[in-house]
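Just below is one structure, and these are the notes that go with it.
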Amino acid sequence: MGSTVIKGGQIVTADLTYSADVKIEGGVITEIGPDLSGDTVLDAAGCYVMPGGIDPHTHLEMPFMGTYSSDDFESGTRAALSGGTTMVVDFALPSPGQSLLEAIQMWDNKSTRANCDYSFHMAITWWGEQVFNEMEQVVREKGINTFKHFMAYKGALMVDDDEMFSSFQRCAELGALPLVHAENGDVVAQLQEKLLAEGNNGPEAHAYSRPAEVEGEATNRAIMIADMAGVPLYVVHTSSEQAHEAIRRARQNGIRVYGEPLIQHLTLDDSEYKHKDWDHAARRVMSPPFRNKKHQDSLWHGLAAGSLQVVATDHCAFTTEQKRYGVGDFTKIPNGTGGLEDRMPMLWTYGVVTGRLTMNEFVAVTSTNIAKILHMYPKKGAILVGSDADIVVWDPNKEKTIAASSQQSAIDYNVFEGKEVKGLPRFTLTRGHLSIDDGEVKTKEGHGEYVAREPFHAVNRALSTWKDVTAPRKVQRTGIPASGV
Ligand code: URP
Ligand code: ZN
Ligand code: ZN
Ligand code: ZN
């Protein structure tokens, strides 16, 4: 592979905006500066040269609710690249009782087809000595430093508080970061039963069964449990003011907690579930559900204020046919929506174009912050000499109307159908490979490599030091009275 130079653009990173060319050799950035030359020249005039997006929350070919999500590592990463995202982090998901290492093997097999780099989180779906022991191998040998816990999906993936506290303490010992899906699964299960018994069986009842309070309570609980375990916490798909408030308050009290809104929750609201067409509503069933404007504003404010750090998709795409498993019983509608291809253009259009976010904040929340949180910065999430050449050349004037008919995703609809976006990739490069070339898809199946991540992030170390300093200590007394008679 010869050298490539991205010429004439403005580099936009999480903290700087400046004009320079970028030279790429062997899949990494080797030079940044004026007037560079190379074998291949990509014209970035009028464009912003930014770190490629990182989506830390995807479920590709995931076994869930009696089926598999329909985008696999090939179509999912093709969709990602097409929208300017150059890395995904998926969840290795052992079934209850299954070995964690076996689950990684399964995910290793699926991910060989990835078009861009990827990494894994490990889900803790059950608890026992085997899980406790294997967690160490997962961290030390498999390069996974994040463990996901579902506080919902009772009877399937859900873990209870003592399991979560045990796992969080193990994370603290291993220098790992726990993640939570924060909804009170016991309350959701009872609300679902009650709604069904009352004849409320349509997709709108999915939203009724998962109110914001249920998310707020679980977020507070997870934060408390992480604090007791002395470990940082990452809350996935933060969708409500109640959950954001818990995170905001904890951060102000010195607790190390991160929040991740999804592009869907930022831009789509709960009126979608009232749509007269059953398919339309069911296609938008995900957990937590879409919420009203009050919650959406809260999430936008959190991104601007820094109390929320990352925008993800939770890409978990099911076809209309799969969604119809839940006709007559909303609890059987597979939970999940797509978004990999649309996250960056939607966030740019509704965030940067409207002035809710700066360009630098856009880079921070789509790439750099999560690269830091997951301990893979500056290999990822940066435009620096030595960083992987995962780059999006962003054309702020390029426009399109989102349509399922022209998307890369394998499913037959798009939850953003009809949305007009302004700001799209002119080029997307994954470790130097030009995968999106001005609208032309040139992805290379199997090009993606696994990204191993080290434990003991500076934040873990700082927090465990602080917990040591402030740990309960036996008081050394000058005199101890004789015990009573
Ligand atoms: O509805 C959702 N979010 N489906 C994917 C699994 C999860 O909870 O993240
Ligand atoms: Zn228990
Ligand atoms: Zn979830
Ligand atoms: Zn998810």
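Here's how to read the names in the structure tokens: chain A, B, ... by the order shown, residue numbers from 1 in each chain, ligand numbers from 1 in the order shown.
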
Q. Excluding same-chain residues fewer than 2 positions from Glu193 (chain A), what lies within 12 Å of it counting only C-alpha atoms, as an MDAnalysis selection string?
A. chainID A and resid 186:191 195:201 205:206 208:209 329:331

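Within region 110-268 of chain A, DSSP applied to the backbone places the following residues in strand (DSSP E): Asp117, Tyr118, Ser119, Phe120, His121, Met122, Ala123, Thr146, Phe147, Lys148, His149, Phe150, Leu177, Pro178, Leu179, Val180, His181, Leu233, Tyr234, Val235, Val257, Tyr258 and Gly259 of chain A.
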
Sorted by chain and rising residue number, list the residues of chain A at most 8 Å from ligand 4 (counting only C-alpha atoms and all ligand atoms), each with its closest atom pair and distance in Å to one decimal, as a Markdown table.
```
| residue | atom | partner | partner_atom_place_in_ligand_line | distance |
| --- | --- | --- | --- | --- |
| A:His57 | CA | ligand 4 | 1 (Zn) | 6.0 |
| A:Thr58 | CA | ligand 4 | 1 (Zn) | 6.2 |
| A:His59 | CA | ligand 4 | 1 (Zn) | 6.3 |
| A:Phe91 | CA | ligand 4 | 1 (Zn) | 8.0 |
| A:His181 | CA | ligand 4 | 1 (Zn) | 7.5 |
| A:Val236 | CA | ligand 4 | 1 (Zn) | 7.4 |
| A:His237 | CA | ligand 4 | 1 (Zn) | 7.4 |
| A:Asp314 | CA | ligand 4 | 1 (Zn) | 4.6 |
| A:His315 | CA | ligand 4 | 1 (Zn) | 7.2 |
| A:Cys316 | CA | ligand 4 | 1 (Zn) | 7.1 |
| A:Gly336 | CA | ligand 4 | 1 (Zn) | 7.8 |
```

With C-alpha atoms retained, export the selected residues as a short mmCIF file (atom, residue, chain, number, x, y, z; two decimals), in the first residue's frame.
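Output file selection.cif follows:
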```cif
data_model
loop_
_atom_site.label_atom_id
_atom_site.label_comp_id
_atom_site.auth_asym_id
_atom_site.auth_seq_id
_atom_site.Cartn_x
_atom_site.Cartn_y
_atom_site.Cartn_z
CA HIS A 57 -22.94 0.22 21.60
CA THR A 58 -23.98 -2.22 18.87
CA HIS A 59 -25.64 -5.64 18.75
CA PHE A 91 -21.40 -7.09 23.28
CA HIS A 181 -28.62 -1.09 31.13
CA VAL A 236 -25.69 2.91 28.42
CA HIS A 237 -28.63 4.43 26.55
CA ASP A 314 -27.46 0.63 20.38
CA HIS A 315 -27.81 -0.59 16.78
CA CYS A 316 -29.93 -3.75 17.07
CA GLY A 336 -34.10 -2.70 19.17
#
```

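Around ligand 2, using only C-alpha atoms and all ligand atoms and a cut-off of 10 Å, the residues in contact are A:Trp126, A:Trp127, A:Val159, A:Asp160, A:Asp161, A:Asp162, A:Glu163, A:Met164, A:Phe165, A:Ser166.
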
Go ahead and write the residues just picked, C-alpha atoms, as an mmCIF file, in the first residue's frame.
```cif
data_model
loop_
_atom_site.group_PDB
_atom_site.id
_atom_site.type_symbol
_atom_site.label_atom_id
_atom_site.label_comp_id
_atom_site.auth_asym_id
_atom_site.auth_seq_id
_atom_site.Cartn_x
_atom_site.Cartn_y
_atom_site.Cartn_z
ATOM 1 C CA TRP A 126 -25.347 -14.789 35.378
ATOM 2 C CA TRP A 127 -23.122 -15.099 38.434
ATOM 3 C CA VAL A 159 -28.924 -9.745 37.019
ATOM 4 C CA ASP A 160 -30.012 -8.731 40.492
ATOM 5 C CA ASP A 161 -28.332 -6.367 42.962
ATOM 6 C CA ASP A 162 -26.163 -8.906 44.776
ATOM 7 C CA GLU A 163 -24.925 -10.323 41.469
ATOM 8 C CA MET A 164 -24.219 -6.832 40.233
ATOM 9 C CA PHE A 165 -22.416 -5.808 43.431
ATOM 10 C CA SER A 166 -20.261 -8.966 43.248
#
```

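Comparing the minimum interatomic distances between Pro178 (chain A) and each of A:Asn145, A:Ser483, A:Gln192, A:Asn109, counting only C-alpha atoms, we find that A:Asn145 sits nearest.
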
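Shortest separation to ligand 1 among A:Val131, A:Ile104, A:Met158, A:Val459 occurs at residue A:Met158, atoms counted being only C-alpha atoms and all ligand atoms.
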
What lies within 8 Å of region 379-396 of chain A using only C-alpha atoms, ignoring chain neighbours under 5 positions off, as a PDB file with N, CA and C atoms, in the first residue's frame?
```
ATOM      1  N   ILE A  11      -8.692  20.393   9.793  1.00  0.00           N
ATOM      2  CA  ILE A  11      -8.732  19.328  10.787  1.00  0.00           C
ATOM      3  C   ILE A  11      -9.578  19.790  11.973  1.00  0.00           C
ATOM      4  N   THR A  13     -10.689  18.379  15.658  1.00  0.00           N
ATOM      5  CA  THR A  13     -10.587  17.353  16.698  1.00  0.00           C
ATOM      6  C   THR A  13     -11.411  17.804  17.900  1.00  0.00           C
ATOM      7  N   ILE A  24      -0.915   9.430   5.324  1.00  0.00           N
ATOM      8  CA  ILE A  24      -1.203   8.100   5.878  1.00  0.00           C
ATOM      9  C   ILE A  24      -0.299   7.080   5.208  1.00  0.00           C
ATOM     10  N   GLY A  27      -1.569   2.344   7.159  1.00  0.00           N
ATOM     11  CA  GLY A  27      -2.782   2.346   7.988  1.00  0.00           C
ATOM     12  C   GLY A  27      -2.739   3.302   9.164  1.00  0.00           C
ATOM     13  N   VAL A  28      -1.613   4.021   9.332  1.00  0.00           N
ATOM     14  CA  VAL A  28      -1.553   4.995  10.433  1.00  0.00           C
ATOM     15  C   VAL A  28      -1.207   6.383   9.902  1.00  0.00           C
ATOM     16  N   ILE A  29      -1.464   7.386  10.712  1.00  0.00           N
ATOM     17  CA  ILE A  29      -1.136   8.770  10.352  1.00  0.00           C
ATOM     18  C   ILE A  29       0.364   8.972  10.597  1.00  0.00           C
ATOM     19  N   THR A  30       1.081   9.393   9.549  1.00  0.00           N
ATOM     20  CA  THR A  30       2.540   9.543   9.703  1.00  0.00           C
ATOM     21  C   THR A  30       2.985  11.006   9.671  1.00  0.00           C
ATOM     22  N   GLU A  31       2.135  11.892   9.177  1.00  0.00           N
ATOM     23  CA  GLU A  31       2.530  13.300   9.125  1.00  0.00           C
ATOM     24  C   GLU A  31       1.295  14.180   9.100  1.00  0.00           C
ATOM     25  N   ILE A  32       1.383  15.327   9.746  1.00  0.00           N
ATOM     26  CA  ILE A  32       0.314  16.332   9.692  1.00  0.00           C
ATOM     27  C   ILE A  32       0.998  17.673   9.465  1.00  0.00           C
ATOM     28  N   ALA A  44      -9.858  17.358   0.073  1.00  0.00           N
ATOM     29  CA  ALA A  44     -10.725  17.673   1.218  1.00  0.00           C
ATOM     30  C   ALA A  44     -11.131  19.153   1.235  1.00  0.00           C
ATOM     31  N   GLY A  46     -13.002  22.389   1.402  1.00  0.00           N
ATOM     32  CA  GLY A  46     -14.356  22.675   1.908  1.00  0.00           C
ATOM     33  C   GLY A  46     -14.846  21.673   2.942  1.00  0.00           C
ATOM     34  N   CYS A  47     -13.962  20.751   3.332  1.00  0.00           N
ATOM     35  CA  CYS A  47     -14.384  19.682   4.264  1.00  0.00           C
ATOM     36  C   CYS A  47     -13.642  19.758   5.597  1.00  0.00           C
ATOM     37  N   TYR A  48     -14.209  19.065   6.582  1.00  0.00           N
ATOM     38  CA  TYR A  48     -13.577  18.914   7.889  1.00  0.00           C
ATOM     39  C   TYR A  48     -12.988  17.502   7.982  1.00  0.00           C
ATOM     40  N   VAL A  49     -11.764  17.426   8.435  1.00  0.00           N
ATOM     41  CA  VAL A  49     -11.080  16.126   8.563  1.00  0.00           C
ATOM     42  C   VAL A  49     -11.123  15.750  10.041  1.00  0.00           C
ATOM     43  N   MET A  50     -11.908  14.718  10.337  1.00  0.00           N
ATOM     44  CA  MET A  50     -12.190  14.420  11.755  1.00  0.00           C
ATOM     45  C   MET A  50     -11.867  12.958  12.063  1.00  0.00           C
ATOM     46  N   PRO A  51     -11.616  12.661  13.347  1.00  0.00           N
ATOM     47  CA  PRO A  51     -11.485  11.249  13.719  1.00  0.00           C
ATOM     48  C   PRO A  51     -12.772  10.518  13.346  1.00  0.00           C
ATOM     49  N   GLY A  52     -12.654   9.329  12.761  1.00  0.00           N
ATOM     50  CA  GLY A  52     -13.850   8.557  12.420  1.00  0.00           C
ATOM     51  C   GLY A  52     -14.680   8.321  13.667  1.00  0.00           C
ATOM     52  N   GLY A  53     -15.976   8.171  13.476  1.00  0.00           N
ATOM     53  CA  GLY A  53     -16.853   7.923  14.621  1.00  0.00           C
ATOM     54  C   GLY A  53     -16.571   6.568  15.250  1.00  0.00           C
ATOM     55  N   ILE A  54     -16.835   6.492  16.537  1.00  0.00           N
ATOM     56  CA  ILE A  54     -16.756   5.214  17.261  1.00  0.00           C
ATOM     57  C   ILE A  54     -18.128   4.981  17.874  1.00  0.00           C
ATOM     58  N   GLY A  84     -19.740   7.407   8.298  1.00  0.00           N
ATOM     59  CA  GLY A  84     -18.592   8.062   8.924  1.00  0.00           C
ATOM     60  C   GLY A  84     -18.125   7.448  10.230  1.00  0.00           C
ATOM     61  N   THR A  85     -18.677   6.295  10.579  1.00  0.00           N
ATOM     62  CA  THR A  85     -18.245   5.603  11.800  1.00  0.00           C
ATOM     63  C   THR A  85     -17.233   4.529  11.422  1.00  0.00           C
ATOM     64  N   THR A  86     -16.081   4.530  12.090  1.00  0.00           N
ATOM     65  CA  THR A  86     -14.978   3.651  11.684  1.00  0.00           C
ATOM     66  C   THR A  86     -14.642   2.584  12.718  1.00  0.00           C
ATOM     67  N   SER A 367     -16.592  10.318  19.160  1.00  0.00           N
ATOM     68  CA  SER A 367     -15.351   9.574  18.965  1.00  0.00           C
ATOM     69  C   SER A 367     -14.361   9.670  20.134  1.00  0.00           C
ATOM     70  N   THR A 368     -13.888  10.882  20.410  1.00  0.00           N
ATOM     71  CA  THR A 368     -12.740  11.012  21.318  1.00  0.00           C
ATOM     72  C   THR A 368     -13.068  10.616  22.761  1.00  0.00           C
ATOM     73  N   ASN A 369     -14.223  11.061  23.258  1.00  0.00           N
ATOM     74  CA  ASN A 369     -14.549  10.750  24.660  1.00  0.00           C
ATOM     75  C   ASN A 369     -14.599   9.251  24.901  1.00  0.00           C
ATOM     76  N   ILE A 370     -15.240   8.540  23.974  1.00  0.00           N
ATOM     77  CA  ILE A 370     -15.382   7.096  24.211  1.00  0.00           C
ATOM     78  C   ILE A 370     -14.042   6.386  24.016  1.00  0.00           C
ATOM     79  N   ALA A 371     -13.206   6.901  23.108  1.00  0.00           N
ATOM     80  CA  ALA A 371     -11.866   6.298  22.963  1.00  0.00           C
ATOM     81  C   ALA A 371     -11.104   6.416  24.275  1.00  0.00           C
ATOM     82  N   LYS A 372     -11.287   7.547  24.959  1.00  0.00           N
ATOM     83  CA  LYS A 372     -10.620   7.729  26.259  1.00  0.00           C
ATOM     84  C   LYS A 372     -11.255   6.830  27.326  1.00  0.00           C
ATOM     85  N   LYS A 422     -27.956  17.345   6.566  1.00  0.00           N
ATOM     86  CA  LYS A 422     -26.951  18.165   5.883  1.00  0.00           C
ATOM     87  C   LYS A 422     -25.644  17.984   6.634  1.00  0.00           C
ATOM     88  N   GLY A 423     -24.628  17.435   5.934  1.00  0.00           N
ATOM     89  CA  GLY A 423     -23.383  17.043   6.581  1.00  0.00           C
ATOM     90  C   GLY A 423     -23.240  15.541   6.459  1.00  0.00           C
ATOM     91  N   LEU A 424     -22.333  15.112   5.562  1.00  0.00           N
ATOM     92  CA  LEU A 424     -22.164  13.680   5.269  1.00  0.00           C
ATOM     93  C   LEU A 424     -20.693  13.422   4.927  1.00  0.00           C
ATOM     94  N   PRO A 425     -20.256  12.174   5.019  1.00  0.00           N
ATOM     95  CA  PRO A 425     -18.873  11.893   4.643  1.00  0.00           C
ATOM     96  C   PRO A 425     -18.641  12.076   3.142  1.00  0.00           C
ATOM     97  N   ARG A 426     -17.530  12.744   2.810  1.00  0.00           N
ATOM     98  CA  ARG A 426     -17.056  12.675   1.421  1.00  0.00           C
ATOM     99  C   ARG A 426     -16.195  11.414   1.280  1.00  0.00           C
ATOM    100  N   PHE A 427     -15.333  11.217   2.266  1.00  0.00           N
ATOM    101  CA  PHE A 427     -14.504  10.004   2.318  1.00  0.00           C
ATOM    102  C   PHE A 427     -14.547   9.435   3.733  1.00  0.00           C
ATOM    103  N   THR A 428     -14.544   8.111   3.801  1.00  0.00           N
ATOM    104  CA  THR A 428     -14.307   7.471   5.102  1.00  0.00           C
ATOM    105  C   THR A 428     -13.149   6.498   4.942  1.00  0.00           C
ATOM    106  N   LEU A 429     -12.157   6.642   5.819  1.00  0.00           N
ATOM    107  CA  LEU A 429     -10.997   5.744   5.767  1.00  0.00           C
ATOM    108  C   LEU A 429     -10.941   4.899   7.030  1.00  0.00           C
ATOM    109  N   THR A 430     -10.750   3.604   6.836  1.00  0.00           N
ATOM    110  CA  THR A 430     -10.599   2.724   7.982  1.00  0.00           C
ATOM    111  C   THR A 430      -9.193   2.133   7.952  1.00  0.00           C
ATOM    112  N   ARG A 431      -8.384   2.485   8.936  1.00  0.00           N
ATOM    113  CA  ARG A 431      -6.940   2.164   8.958  1.00  0.00           C
ATOM    114  C   ARG A 431      -6.333   2.376   7.559  1.00  0.00           C
ATOM    115  N   GLY A 432      -6.650   3.515   6.996  1.00  0.00           N
ATOM    116  CA  GLY A 432      -6.046   3.926   5.736  1.00  0.00           C
ATOM    117  C   GLY A 432      -6.783   3.442   4.497  1.00  0.00           C
TER     118      GLY A 432
END
```

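The list of residues with at least one atom within 6 Å of Gly185 (chain A), based on only C-alpha atoms and without residues fewer than 2 positions apart in the same chain, reads Met151, Ala152, Tyr153, Lys154, Glu183, Val187 and Val188 of chain A.
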